[in-house]
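Student: Take this structure, written in structure tokens, and hold onto it; I'll ask about it next.
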Amino acid sequence: MDGPLSSLRIIDSTTVLAMPTAMYLMGDMGAEVVKVETHTRGRGGGGGVTYADNVPPNNNHWNRDGSFHALHRSKLGITLNYKIPETIEAFKDLVRVSDVLAENNRPGTMERLGLGYEELRKIKPDLIYFSFSGFGYSGPWKNYQGIGRMFELTSGVSQFTGYPDEGPRRVGSAWFDPPNGWMAVFAILAAIHHRNQTGKGQWIDHSMYQMGASTVGDALLDYIANGRNGKLMGNRHTSKAPHGAYKCSGDDNWIAISVESDNQWDALKNVMGNPEWANEDKFGDVIVRWHNQDDLDSHIKQWTRNFEHRDLMNTLIEAGVPSGAVLNPKEVLSDPNMKETSIFEKLEFPAETGMGTRVFLGRPWSMSETPSYIRSPGPDLGGDNEYVLGDLLGRTGTEIAQLYELGGIGKEPEPMDKPGTIQDFTREIDQGTLRSYDTEYKKLLGIEP
């Protein structure tokens with residue numbers, strides 16, 4: 001048994017980011033995840049083509065998208081063109097030998113194909129059918145489309161993320177997607193546990209919008225109890241002070257400090273050398289400090305700018321003051337603690353791809369008895385058609401060949417994808433899309449000596 005989920009087979013009929021994340025995590029844990037896609041449109045990796053050294057751009061460029069490999073590692077891959085009836089039957093046959101089906105189409109899409117839960121449970125009564133959508137299958141918004149970047153807005157998170165003089169700000173480029181993927185894993189495993197106890201499958205309706213609203217539960221309760229509707233606070237807190245990000249020495253280096261008690265304030269004063277201003281009455285306790293944050297922050301900023309952010313973090317933590325250096329990507333990649341936890345995982349691509357060794361984000365956990373690791377790069381387009389259709393589903397070589405002739409399956413995009421632009425860091429810096437890049441990044445990542 002290689003991995004805690006090695007006995008499961010999962011059909012991954014998902015796209016974009018959140019659900020592919022859930023699926024590769026389950027693949028890392030040993031589940032046999034069959035990525036179902038189509039060759040009749042682009043692969044939708046999401047971020048330019050990763051060209052290998054000395055490999056011409058027209059050499060299967062659709063199989064070398066960096067984002068695709070990041071989101072679809074540890075999976076098998078088949079192509080099915082749902083306009084061909086024979087492929088619908090193949091999909092149903094795959095359901096018969098699988099434990100879980102995950103899909104993230106707009107509500108109603110799978111039903112129109114004859115692949116909805118009620119239809120598939122007839123052929124696989126204990127199937128776990130996971131549907132992931134923007135607003136769920138009930139309510140007036142159920143047919144609305146949605147992507148991760150909008151849900152921190154519609155679910156209320158952006159009521160609090162931003163600066164009072166600037167308006168709301170989004171948290172990040174895809175902040176909502178990974179948590180939804182993680183929660184999807186939890187829901188699927190809970191349904192599998194129930195099936196193991198009862199023998200019964202079920203349908204899971206997962207709403208990205210509801211997941212977002214669950215992250216602002218304290219704000220909802222505050223409105224119900226106190227009638228307060230929240231406001232933008234920047235880096236400040238509703239009750240703690242000092243609480244913010246403060247400039248340190250060097251270029252764009254910062255440290256976050258959060259003091260929640262008078263004992264922590266005394267510890268911070270000691271580290272600062274007990275300056276005279278820190279003992280003024282207006283900073284005497286938690287409440288008055290909170291009401292005098294402008295003055296407080298002004299003093300702290302003058303002090304922190306004299307220190308290197310990581311050194312100051314270590315000093316403050318040792319003194320009992322909650323703090324954290326604001327690390328940039330290079331600092332995260334080179335941080336000794338990160339390297340010790342092995343969160344970044346190297347993956348060697350087959351020699352014929354010319355891709356060499358790449359580094360991917362692993363998982364924030366490890367298990368002593370059941371290993372989880374990246375099993376393989378993302379699959380080539382239709383790379384496992386023969387294995388899935390032949391070995392798993394019993395199609396003969398002649399039947400598989402007929403599916404190719406009908407256009408039901410394929411290994412090249414139709415129409416052909418246009419090759420992406422070869423990444424040119426110098427040009428991107430000139431264009432302003434990159435600030436800088438480290439020419440020694442491969443050594444930093446440990447993929448070159």
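Scheme for the structure tokens: letters A, B, ... for chains in order shown; per-chain residue numbers from 1; ligand numbers from 1 in order shown.
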Which of stretch 184-300 of chain A end up as strand (DSSP E) when DSSP is run on this backbone - answer as a ChimeraX atom specification?
Tutor: /A:202-207,243-247,254-258
Student: Name the residues in contact with A:Glu166 at a cut-off of 12 Å, using only C-alpha atoms, excluding same-chain residues fewer than 4 positions from it; report them as a VMD selection string.
Tutor: chain A and resid 161 to 162 232 to 234
Student: A:Asp262: which residues within 9 Å, counting only C-alpha atoms, same-chain residues fewer than 5 positions away excluded, as a list in words?
Tutor: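 Skipping anything fewer than 5 positions along the chain leaves Ala267, Gly284, Asp285 and Val286 of chain A.
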Student: Dump C-alpha atoms for the selected residues as an mmCIF file, in the first residue's frame?
Tutor:
data_model
loop_
_atom_site.group_PDB
_atom_site.id
_atom_site.type_symbol
_atom_site.label_atom_id
_atom_site.label_comp_id
_atom_site.auth_asym_id
_atom_site.auth_seq_id
_atom_site.Cartn_x
_atom_site.Cartn_y
_atom_site.Cartn_z
ATOM 1 C CA ALA A 267 8.222 42.563 26.364
ATOM 2 C CA GLY A 284 -0.498 52.498 29.235
ATOM 3 C CA ASP A 285 -2.895 49.634 28.465
ATOM 4 C CA VAL A 286 -4.530 47.761 25.590
#
Student: Select, from A:Pro20, A:Lys92, A:Ile409, A:Tyr437, the residue with the minimum atom-to-atom distance to A:Pro178, counting only C-alpha atoms.
Tutor: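 Counting only C-alpha atoms, the residue closest to A:Pro178 is A:Pro20.
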Student: Could you pull the residues within 8 Å of stretch 77-90 of chain A, counting only C-alpha atoms, minus those fewer than 4 positions along the same chain, as a ChimeraX atom specification?
Tutor: /A:34-40,94,113,379-385,388-389,393,403,406-411
Student: List as a PyMOL selection string the protein and nucleic acid residues near A:Pro377, meaning an atom at most 8 Å away when only C-alpha atoms are counted, but skip any in the same chain fewer than 5 places from it.
Tutor: chain A and resi 69+72-75+347+349
Student: Show me, as a tab-separated table, the residues of stretch 137-187 of chain A having an atom within 9 Å of stretch 203-207 of chain A, each with the closest atom pair and its distance in Å, using only C-alpha atoms.
Tutor:
residue	atom	partner	partner_atom	distance
A:Tyr137	CA	A:Asp205	CA	6.8
A:Asn180	CA	A:His206	CA	8.9
A:Ala184	CA	A:His206	CA	7.5
A:Ala187	CA	A:Ile204	CA	7.7
